[in-house]
$ cat input.pdb   # PDB, C-alpha atoms, pLDDT in the B column
ATOM      1  CA  MET A   1     -12.705  25.593  -6.563  1.00 73.00           C
ATOM      2  CA  ASN A   2     -12.468  24.607 -10.222  1.00 85.00           C
ATOM      3  CA  ALA A   3     -11.916  21.010 -11.357  1.00 84.00           C
ATOM      4  CA  GLU A   4      -8.296  21.548 -12.404  1.00 86.00           C
ATOM      5  CA  GLU A   5      -7.373  23.006  -9.014  1.00 82.00           C
ATOM      6  CA  LEU A   6      -9.251  20.233  -7.217  1.00 81.00           C
ATOM      7  CA  LEU A   7      -7.469  17.496  -9.151  1.00 82.00           C
ATOM      8  CA  THR A   8      -3.966  18.930  -8.858  1.00 81.00           C
ATOM      9  CA  SER A   9      -3.985  20.184  -5.267  1.00 80.00           C
ATOM     10  CA  ARG A  10      -5.592  17.284  -3.394  1.00 80.00           C
ATOM     11  CA  SER A  11      -4.225  16.911   0.121  1.00 81.00           C
ATOM     12  CA  SER A  12      -5.454  15.007   3.125  1.00 88.00           C
ATOM     13  CA  MET A  13      -6.617  16.967   6.151  1.00 88.00           C
ATOM     14  CA  PRO A  14      -5.312  15.093   9.197  1.00 86.00           C
ATOM     15  CA  ARG A  15      -6.854  17.370  11.868  1.00 92.00           C
ATOM     16  CA  LEU A  16     -10.622  17.728  11.768  1.00 96.00           C
ATOM     17  CA  SER A  17     -13.161  19.215  14.144  1.00 94.00           C
ATOM     18  CA  GLU A  18     -16.829  20.142  14.451  1.00 96.00           C
ATOM     19  CA  PRO A  19     -18.988  20.968  12.684  1.00 96.00           C
ATOM     20  CA  GLY A  20     -19.314  18.008  10.405  1.00 96.00           C
ATOM     21  CA  PRO A  21     -20.788  18.192   6.949  1.00 97.00           C
ATOM     22  CA  THR A  22     -24.355  19.401   6.589  1.00 97.00           C
ATOM     23  CA  ILE A  23     -27.082  17.169   5.155  1.00 97.00           C
ATOM     24  CA  GLU A  24     -26.704  18.951   1.811  1.00 98.00           C
ATOM     25  CA  GLN A  25     -22.919  18.542   1.823  1.00 98.00           C
ATOM     26  CA  LEU A  26     -23.270  14.849   2.654  1.00 98.00           C
ATOM     27  CA  GLU A  27     -25.706  14.403  -0.222  1.00 98.00           C
ATOM     28  CA  LEU A  28     -23.098  15.735  -2.654  1.00 98.00           C
ATOM     29  CA  ILE A  29     -20.451  13.473  -1.101  1.00 98.00           C
ATOM     30  CA  LYS A  30     -22.768  10.479  -1.523  1.00 98.00           C
ATOM     31  CA  ALA A  31     -23.637  11.445  -5.101  1.00 98.00           C
ATOM     32  CA  ALA A  32     -19.918  11.595  -5.943  1.00 97.00           C
ATOM     33  CA  ALA A  33     -19.387   8.096  -4.520  1.00 98.00           C
ATOM     34  CA  VAL A  34     -21.923   6.414  -6.749  1.00 98.00           C
ATOM     35  CA  ARG A  35     -20.469   8.039  -9.896  1.00 97.00           C
ATOM     36  CA  ALA A  36     -17.300   5.948  -9.644  1.00 97.00           C
ATOM     37  CA  PRO A  37     -16.347   3.817 -12.657  1.00 96.00           C
ATOM     38  CA  ASP A  38     -18.277   0.572 -12.256  1.00 96.00           C
ATOM     39  CA  HIS A  39     -17.850  -2.132 -14.905  1.00 96.00           C
ATOM     40  CA  MET A  40     -21.139  -3.951 -15.536  1.00 96.00           C
ATOM     41  CA  GLY A  41     -22.884  -1.713 -12.983  1.00 96.00           C
ATOM     42  CA  LEU A  42     -22.247  -4.139 -10.143  1.00 97.00           C
ATOM     43  CA  THR A  43     -22.167  -1.392  -7.485  1.00 97.00           C
ATOM     44  CA  PRO A  44     -19.762  -3.485  -5.384  1.00 98.00           C
ATOM     45  CA  TYR A  45     -19.745  -0.988  -2.558  1.00 98.00           C
ATOM     46  CA  GLN A  46     -21.458  -0.161   0.659  1.00 98.00           C
ATOM     47  CA  PHE A  47     -20.784   2.852   2.830  1.00 98.00           C
ATOM     48  CA  ILE A  48     -21.459   2.914   6.564  1.00 98.00           C
ATOM     49  CA  GLN A  49     -21.743   6.381   8.066  1.00 98.00           C
ATOM     50  CA  PHE A  50     -21.048   7.203  11.702  1.00 98.00           C
ATOM     51  CA  GLN A  51     -21.885  10.644  13.113  1.00 97.00           C
ATOM     52  CA  GLY A  52     -22.384  12.116  16.554  1.00 94.00           C
ATOM     53  CA  LYS A  53     -23.110   9.473  19.181  1.00 95.00           C
ATOM     54  CA  GLU A  54     -22.986   6.719  16.535  1.00 96.00           C
ATOM     55  CA  ARG A  55     -19.204   7.031  16.620  1.00 98.00           C
ATOM     56  CA  GLN A  56     -19.280   5.289  20.012  1.00 98.00           C
ATOM     57  CA  VAL A  57     -20.521   2.144  18.245  1.00 98.00           C
ATOM     58  CA  LEU A  58     -17.409   2.194  16.076  1.00 98.00           C
ATOM     59  CA  ALA A  59     -15.216   2.972  19.099  1.00 98.00           C
ATOM     60  CA  ASP A  60     -16.631  -0.057  20.933  1.00 98.00           C
ATOM     61  CA  ILE A  61     -15.989  -2.286  17.911  1.00 98.00           C
ATOM     62  CA  TYR A  62     -12.403  -1.029  17.621  1.00 98.00           C
ATOM     63  CA  GLN A  63     -11.729  -1.601  21.321  1.00 98.00           C
ATOM     64  CA  GLN A  64     -13.173  -5.114  21.274  1.00 98.00           C
ATOM     65  CA  ALA A  65     -11.046  -5.940  18.225  1.00 98.00           C
ATOM     66  CA  ALA A  66      -7.957  -4.583  19.984  1.00 98.00           C
ATOM     67  CA  ARG A  67      -8.720  -6.803  22.994  1.00 98.00           C
ATOM     68  CA  LEU A  68      -9.189  -9.849  20.747  1.00 98.00           C
ATOM     69  CA  ASN A  69      -5.799  -9.099  19.191  1.00 98.00           C
ATOM     70  CA  ASP A  70      -4.218  -8.981  22.660  1.00 98.00           C
ATOM     71  CA  PHE A  71      -3.044  -5.421  22.097  1.00 98.00           C
ATOM     72  CA  SER A  72      -1.751  -3.413  25.040  1.00 98.00           C
ATOM     73  CA  GLU A  73      -4.091  -1.370  27.220  1.00 98.00           C
ATOM     74  CA  THR A  74      -2.658   1.762  25.624  1.00 98.00           C
ATOM     75  CA  VAL A  75      -3.611   0.571  22.127  1.00 97.00           C
ATOM     76  CA  ILE A  76      -7.057  -0.497  23.356  1.00 98.00           C
ATOM     77  CA  GLU A  77      -7.635   2.953  24.847  1.00 98.00           C
ATOM     78  CA  GLN A  78      -6.385   4.684  21.690  1.00 97.00           C
ATOM     79  CA  ALA A  79      -8.627   2.480  19.531  1.00 98.00           C
ATOM     80  CA  GLY A  80     -11.649   3.811  21.399  1.00 98.00           C
ATOM     81  CA  GLN A  81     -10.605   7.395  20.671  1.00 98.00           C
ATOM     82  CA  LEU A  82     -10.028   7.026  16.927  1.00 97.00           C
ATOM     83  CA  PRO A  83     -13.647   7.538  15.789  1.00 97.00           C
ATOM     84  CA  PHE A  84     -13.748  10.875  17.614  1.00 97.00           C
ATOM     85  CA  ARG A  85     -11.024  12.433  15.474  1.00 96.00           C
ATOM     86  CA  ALA A  86     -13.721  13.723  13.097  1.00 97.00           C
ATOM     87  CA  PRO A  87     -17.438  14.481  13.321  1.00 98.00           C
ATOM     88  CA  THR A  88     -18.267  12.063  10.479  1.00 98.00           C
ATOM     89  CA  ILE A  89     -16.691   8.777   9.477  1.00 98.00           C
ATOM     90  CA  ILE A  90     -17.707   6.907   6.351  1.00 98.00           C
ATOM     91  CA  VAL A  91     -16.504   3.315   6.142  1.00 98.00           C
ATOM     92  CA  SER A  92     -15.986   2.323   2.497  1.00 98.00           C
ATOM     93  CA  CYS A  93     -16.624  -1.370   1.996  1.00 98.00           C
ATOM     94  CA  LEU A  94     -16.154  -3.714  -0.936  1.00 98.00           C
ATOM     95  CA  ARG A  95     -19.146  -6.030  -1.317  1.00 98.00           C
ATOM     96  CA  PHE A  96     -17.545  -8.507  -3.687  1.00 98.00           C
ATOM     97  CA  GLN A  97     -19.759 -10.075  -6.319  1.00 96.00           C
ATOM     98  CA  GLU A  98     -18.574 -13.068  -8.318  1.00 96.00           C
ATOM     99  CA  HIS A  99     -18.691 -12.085 -11.994  1.00 97.00           C
ATOM    100  CA  PRO A 100     -16.942 -13.597 -15.032  1.00 97.00           C
ATOM    101  CA  LYS A 101     -16.070 -10.203 -16.541  1.00 97.00           C
ATOM    102  CA  VAL A 102     -15.308  -8.176 -13.412  1.00 97.00           C
ATOM    103  CA  PRO A 103     -12.539  -9.596 -11.201  1.00 98.00           C
ATOM    104  CA  ARG A 104     -12.220  -8.768  -7.524  1.00 97.00           C
ATOM    105  CA  ASP A 105      -9.378  -6.293  -8.112  1.00 97.00           C
ATOM    106  CA  GLU A 106     -11.514  -4.299 -10.511  1.00 97.00           C
ATOM    107  CA  GLN A 107     -14.366  -4.191  -8.008  1.00 98.00           C
ATOM    108  CA  LEU A 108     -11.923  -3.073  -5.324  1.00 98.00           C
ATOM    109  CA  CYS A 109     -10.803  -0.282  -7.651  1.00 98.00           C
ATOM    110  CA  THR A 110     -14.426   0.825  -8.007  1.00 98.00           C
ATOM    111  CA  VAL A 111     -14.717   1.237  -4.236  1.00 98.00           C
ATOM    112  CA  ALA A 112     -11.369   3.052  -4.092  1.00 98.00           C
ATOM    113  CA  CYS A 113     -12.541   5.427  -6.833  1.00 98.00           C
ATOM    114  CA  ALA A 114     -15.793   5.986  -4.948  1.00 98.00           C
ATOM    115  CA  THR A 115     -13.849   6.813  -1.783  1.00 98.00           C
ATOM    116  CA  HIS A 116     -11.612   9.212  -3.679  1.00 97.00           C
ATOM    117  CA  GLY A 117     -14.713  10.792  -5.218  1.00 97.00           C
ATOM    118  CA  MET A 118     -16.175  11.366  -1.757  1.00 98.00           C
ATOM    119  CA  GLN A 119     -12.941  12.934  -0.544  1.00 97.00           C
ATOM    120  CA  GLN A 120     -12.800  15.211  -3.592  1.00 96.00           C
ATOM    121  CA  ALA A 121     -16.458  16.194  -3.108  1.00 97.00           C
ATOM    122  CA  ALA A 122     -15.643  17.152   0.473  1.00 96.00           C
ATOM    123  CA  PHE A 123     -12.694  19.286  -0.644  1.00 94.00           C
ATOM    124  CA  ALA A 124     -14.750  20.921  -3.397  1.00 94.00           C
ATOM    125  CA  GLN A 125     -17.144  22.127  -0.692  1.00 95.00           C
ATOM    126  CA  GLY A 126     -14.405  23.423   1.611  1.00 92.00           C
ATOM    127  CA  ILE A 127     -14.696  20.472   3.980  1.00 94.00           C
ATOM    128  CA  GLY A 128     -11.668  18.610   5.298  1.00 94.00           C
ATOM    129  CA  ALA A 129     -11.265  14.868   4.807  1.00 96.00           C
ATOM    130  CA  ILE A 130      -8.681  12.148   5.205  1.00 96.00           C
ATOM    131  CA  TRP A 131      -8.784   8.539   4.044  1.00 97.00           C
ATOM    132  CA  ARG A 132      -7.380   6.233   6.707  1.00 97.00           C
ATOM    133  CA  THR A 133      -6.804   2.493   6.934  1.00 97.00           C
ATOM    134  CA  GLY A 134      -4.561   0.867   9.560  1.00 95.00           C
ATOM    135  CA  TRP A 135      -5.033  -2.449  11.282  1.00 97.00           C
ATOM    136  CA  MET A 136      -8.764  -1.767  11.653  1.00 97.00           C
ATOM    137  CA  ALA A 137      -9.270  -2.119   7.889  1.00 98.00           C
ATOM    138  CA  GLU A 138      -7.756  -5.610   7.931  1.00 97.00           C
ATOM    139  CA  ASP A 139      -9.315  -6.939  11.126  1.00 98.00           C
ATOM    140  CA  ASP A 140     -11.748  -9.842  10.660  1.00 98.00           C
ATOM    141  CA  PHE A 141     -13.727  -9.038  13.810  1.00 98.00           C
ATOM    142  CA  ILE A 142     -14.311  -5.453  12.687  1.00 98.00           C
ATOM    143  CA  LYS A 143     -15.364  -6.626   9.232  1.00 98.00           C
ATOM    144  CA  GLU A 144     -17.775  -9.102  10.818  1.00 98.00           C
ATOM    145  CA  GLN A 145     -19.242  -6.454  13.135  1.00 98.00           C
ATOM    146  CA  LEU A 146     -19.830  -4.209  10.110  1.00 98.00           C
ATOM    147  CA  GLY A 147     -21.728  -7.018   8.406  1.00 98.00           C
ATOM    148  CA  LEU A 148     -19.066  -7.950   5.878  1.00 98.00           C
ATOM    149  CA  SER A 149     -18.430 -11.466   4.616  1.00 97.00           C
ATOM    150  CA  VAL A 150     -15.028 -13.109   4.225  1.00 95.00           C
ATOM    151  CA  ASP A 151     -15.018 -12.097   0.534  1.00 96.00           C
ATOM    152  CA  ASP A 152     -15.675  -8.443   1.353  1.00 98.00           C
ATOM    153  CA  ALA A 153     -13.161  -5.815   2.466  1.00 98.00           C
ATOM    154  CA  ILE A 154     -12.855  -2.489   4.216  1.00 98.00           C
ATOM    155  CA  VAL A 155     -11.235  -0.176   1.679  1.00 98.00           C
ATOM    156  CA  GLY A 156     -10.907   2.688   4.112  1.00 98.00           C
ATOM    157  CA  PHE A 157     -12.337   5.003   6.708  1.00 98.00           C
ATOM    158  CA  LEU A 158     -13.066   8.482   5.353  1.00 98.00           C
ATOM    159  CA  TYR A 159     -12.897  11.005   8.190  1.00 98.00           C
ATOM    160  CA  VAL A 160     -14.812  14.198   7.326  1.00 98.00           C
ATOM    161  CA  GLY A 161     -15.145  17.495   9.183  1.00 97.00           C
ATOM    162  CA  THR A 162     -14.058  21.086   9.440  1.00 96.00           C
ATOM    163  CA  PRO A 163     -10.315  21.625   8.957  1.00 93.00           C
ATOM    164  CA  ALA A 164      -8.795  22.379  12.365  1.00 91.00           C
ATOM    165  CA  VAL A 165      -5.712  23.933  10.745  1.00 86.00           C
ATOM    166  CA  PRO A 166      -5.004  25.206   7.234  1.00 81.00           C
ATOM    167  CA  THR A 167      -4.954  22.313   4.776  1.00 76.00           C
ATOM    168  CA  PRO A 168      -1.358  21.226   4.249  1.00 74.00           C
ATOM    169  CA  ILE A 169      -0.754  21.368   0.488  1.00 75.00           C
ATOM    170  CA  LYS A 170       2.009  19.046  -0.584  1.00 80.00           C
ATOM    171  CA  PRO A 171       4.461  20.228  -3.226  1.00 85.00           C
ATOM    172  CA  GLN A 172       3.656  19.309  -6.809  1.00 86.00           C
ATOM    173  CA  LYS A 173       5.255  16.080  -7.996  1.00 88.00           C
ATOM    174  CA  ASP A 174       6.993  15.759 -11.316  1.00 91.00           C
ATOM    175  CA  SER A 175       4.871  13.181 -13.144  1.00 91.00           C
ATOM    176  CA  SER A 176       7.512  12.289 -15.756  1.00 90.00           C
ATOM    177  CA  PRO A 177       9.249   9.499 -13.760  1.00 92.00           C
ATOM    178  CA  PHE A 178       5.936   7.644 -13.519  1.00 91.00           C
ATOM    179  CA  PHE A 179       4.957   7.713 -17.207  1.00 92.00           C
ATOM    180  CA  MET A 180       6.592   6.181 -20.224  1.00 89.00           C
ATOM    181  CA  ASN A 181       5.756   5.701 -23.872  1.00 91.00           C
ATOM    182  CA  GLY A 182       4.769   2.250 -25.007  1.00 89.00           C
ATOM    183  CA  ASN A 183       7.440   2.252 -27.720  1.00 86.00           C
ATOM    184  CA  ASP A 184      10.084   2.626 -24.983  1.00 85.00           C
ATOM    185  CA  LEU A 185       9.387  -0.937 -23.832  1.00 87.00           C
ATOM    186  CA  VAL A 186      12.051  -3.482 -24.589  1.00 79.00           C
ATOM    187  CA  LEU A 187      10.401  -6.673 -25.768  1.00 78.00           C
ATOM    188  CA  ASP A 188      12.270  -9.978 -25.976  1.00 71.00           C
TER     189      ASP A 188
END

$ encode --input "input.pdb" --output "structure tokens"
Amino acid sequence: MNAEELLTSRSSMPRLSEPGPTIEQLELIKAAAVRAPDHMGLTPYQFIQFQGKERQVLADIYQQAARLNDFSETVIEQAGQLPFRAPTIIVSCLRFQEHPKVPRDEQLCTVACATHGMQQAAFAQGIGAIWRTGWMAEDDFIKEQLGLSVDDAIVGFLYVGTPAVPTPIKPQKDSSPFFMNGNDLVLD
């Protein structure tokens, strides 16, 4: 897959199965993550990888969080199944660092770019991936269990595996409604 095709045909793969990425494929995914734009080289990210039986750890954390939120038994049961929707899950975390030149939003963008880079690296290798969030990304108990502080954040859960169905390619969007020329601004 060439770069132009990769950049213009990105689609999430919602249904993933075994096998997961190989060690070599994961190394490329990791290398892509740490090439994200990173003002002042703060590396405000940490990635936590769950594979195989390790996914049960994440399932247990999700279920405990669901219980603490007083969710229904159905939601608690579903929470325990979520980590098994893919052979590999990479949790993308913002590790915020106070810096006078690099605000929190910019650091968050670095982690988002790193996550996108990992997803693109997966696609470039013929692997399926989907970036998910949901209530788990906002839950304080889950963040605490993953070793995050109150200033940190879960940017997303990247599910990676073999596409279980052909990758659904979304139709191309017309970019023109989203771009304008600076001289088209009306200034008071």

$ residues_around --input "input.pdb" --residues "Ala79 in chain A" --least-positions-apart "2" --cutoff "9 Å" --atoms "all atoms listed in the file" --output "PyMOL selection string"
chain A and resi 59-63+65-66+74-77+81-83+136

$ residues_around --input "input.pdb" --residues "Thr162 in chain A" --least-positions-apart "6" --cutoff "8 Å" --atoms "all atoms listed in the file" --output "JSON, numbers by chain"
{"A": [16, 17, 18, 19, 20, 21, 127, 128]}

$ write_last_selection --input "input.pdb" --atoms "C-alpha atoms" --output "mmCIF file, in the frame of the given file"
data_model
loop_
_atom_site.group_PDB
_atom_site.id
_atom_site.type_symbol
_atom_site.label_atom_id
_atom_site.label_comp_id
_atom_site.auth_asym_id
_atom_site.auth_seq_id
_atom_site.Cartn_x
_atom_site.Cartn_y
_atom_site.Cartn_z
ATOM 1 C CA LEU A 16 -10.622 17.728 11.768
ATOM 2 C CA SER A 17 -13.161 19.215 14.144
ATOM 3 C CA GLU A 18 -16.829 20.142 14.451
ATOM 4 C CA PRO A 19 -18.988 20.968 12.684
ATOM 5 C CA GLY A 20 -19.314 18.008 10.405
ATOM 6 C CA PRO A 21 -20.788 18.192 6.949
ATOM 7 C CA ILE A 127 -14.696 20.472 3.980
ATOM 8 C CA GLY A 128 -11.668 18.610 5.298
#

$ atom_distance --input "input.pdb" --atom1 "CA of Glu5 in chain A" --atom2 "CA of Cys113 in chain A"
18.5 Å

$ residues_around --input "input.pdb" --residues "Glu144 in chain A" --least-positions-apart "5" --cutoff "12 Å" --atoms "all atoms listed in the file" --output "PDB file with C-alpha atoms, in the frame of the given file"
ATOM      1  CA  ILE A  61     -15.989  -2.286  17.911  1.00 98.00           C
ATOM      2  CA  TYR A  62     -12.403  -1.029  17.621  1.00 98.00           C
ATOM      3  CA  ALA A  65     -11.046  -5.940  18.225  1.00 98.00           C
ATOM      4  CA  CYS A  93     -16.624  -1.370   1.996  1.00 98.00           C
ATOM      5  CA  MET A 136      -8.764  -1.767  11.653  1.00 97.00           C
ATOM      6  CA  ALA A 137      -9.270  -2.119   7.889  1.00 98.00           C
ATOM      7  CA  GLU A 138      -7.756  -5.610   7.931  1.00 97.00           C
ATOM      8  CA  ASP A 139      -9.315  -6.939  11.126  1.00 98.00           C
ATOM      9  CA  SER A 149     -18.430 -11.466   4.616  1.00 97.00           C
ATOM     10  CA  VAL A 150     -15.028 -13.109   4.225  1.00 95.00           C
ATOM     11  CA  ASP A 151     -15.018 -12.097   0.534  1.00 96.00           C
ATOM     12  CA  ASP A 152     -15.675  -8.443   1.353  1.00 98.00           C
ATOM     13  CA  ALA A 153     -13.161  -5.815   2.466  1.00 98.00           C
ATOM     14  CA  ILE A 154     -12.855  -2.489   4.216  1.00 98.00           C
TER      15      ILE A 154
END

$ closest_residue --input "input.pdb" --among "A:Thr115, A:Gln78, A:Gln64, A:Gln145" --to "Leu94 in chain A" --atoms "all atoms listed in the file"
A:Thr115

$ build_atoms --input "input.pdb" --residues "range 113-132 of chain A" --atoms "N, CA and C atoms" --output "short mmCIF file (atom, residue, chain, number, x, y, z; two decimals), in the coordinates of the input"
data_model
loop_
_atom_site.label_atom_id
_atom_site.label_comp_id
_atom_site.auth_asym_id
_atom_site.auth_seq_id
_atom_site.Cartn_x
_atom_site.Cartn_y
_atom_site.Cartn_z
N CYS A 113 -12.15 4.22 -6.07
CA CYS A 113 -12.54 5.43 -6.83
C CYS A 113 -13.71 6.14 -6.16
N ALA A 114 -14.65 5.39 -5.64
CA ALA A 114 -15.79 5.99 -4.95
C ALA A 114 -15.33 6.74 -3.70
N THR A 115 -14.38 6.17 -2.99
CA THR A 115 -13.85 6.81 -1.78
C THR A 115 -13.10 8.09 -2.16
N HIS A 116 -12.31 8.02 -3.20
CA HIS A 116 -11.61 9.21 -3.68
C HIS A 116 -12.62 10.27 -4.13
N GLY A 117 -13.67 9.85 -4.80
CA GLY A 117 -14.71 10.79 -5.22
C GLY A 117 -15.36 11.50 -4.03
N MET A 118 -15.60 10.74 -2.96
CA MET A 118 -16.18 11.37 -1.76
C MET A 118 -15.21 12.38 -1.16
N GLN A 119 -13.94 12.02 -1.10
CA GLN A 119 -12.94 12.93 -0.54
C GLN A 119 -12.86 14.20 -1.39
N GLN A 120 -12.85 14.05 -2.71
CA GLN A 120 -12.80 15.21 -3.59
C GLN A 120 -14.06 16.07 -3.45
N ALA A 121 -15.21 15.44 -3.29
CA ALA A 121 -16.46 16.19 -3.11
C ALA A 121 -16.41 17.00 -1.81
N ALA A 122 -15.80 16.41 -0.79
CA ALA A 122 -15.64 17.15 0.47
C ALA A 122 -14.77 18.38 0.25
N PHE A 123 -13.61 18.17 -0.40
CA PHE A 123 -12.69 19.29 -0.64
C PHE A 123 -13.34 20.37 -1.50
N ALA A 124 -14.11 19.96 -2.50
CA ALA A 124 -14.75 20.92 -3.40
C ALA A 124 -15.72 21.83 -2.64
N GLN A 125 -16.21 21.35 -1.50
CA GLN A 125 -17.14 22.13 -0.69
C GLN A 125 -16.46 22.84 0.48
N GLY A 126 -15.13 22.77 0.53
CA GLY A 126 -14.40 23.42 1.61
C GLY A 126 -14.39 22.63 2.90
N ILE A 127 -14.69 21.35 2.81
CA ILE A 127 -14.70 20.47 3.98
C ILE A 127 -13.36 19.73 4.01
N GLY A 128 -12.88 19.40 5.18
CA GLY A 128 -11.67 18.61 5.30
C GLY A 128 -12.00 17.13 5.31
N ALA A 129 -11.07 16.32 4.81
CA ALA A 129 -11.26 14.87 4.81
C ALA A 129 -9.91 14.17 4.74
N ILE A 130 -9.88 12.99 5.31
CA ILE A 130 -8.68 12.15 5.20
C ILE A 130 -9.13 10.70 5.14
N TRP A 131 -8.51 9.96 4.25
CA TRP A 131 -8.78 8.54 4.04
C TRP A 131 -7.78 7.77 4.86
N ARG A 132 -8.26 7.00 5.83
CA ARG A 132 -7.38 6.23 6.71
C ARG A 132 -7.65 4.73 6.56
#
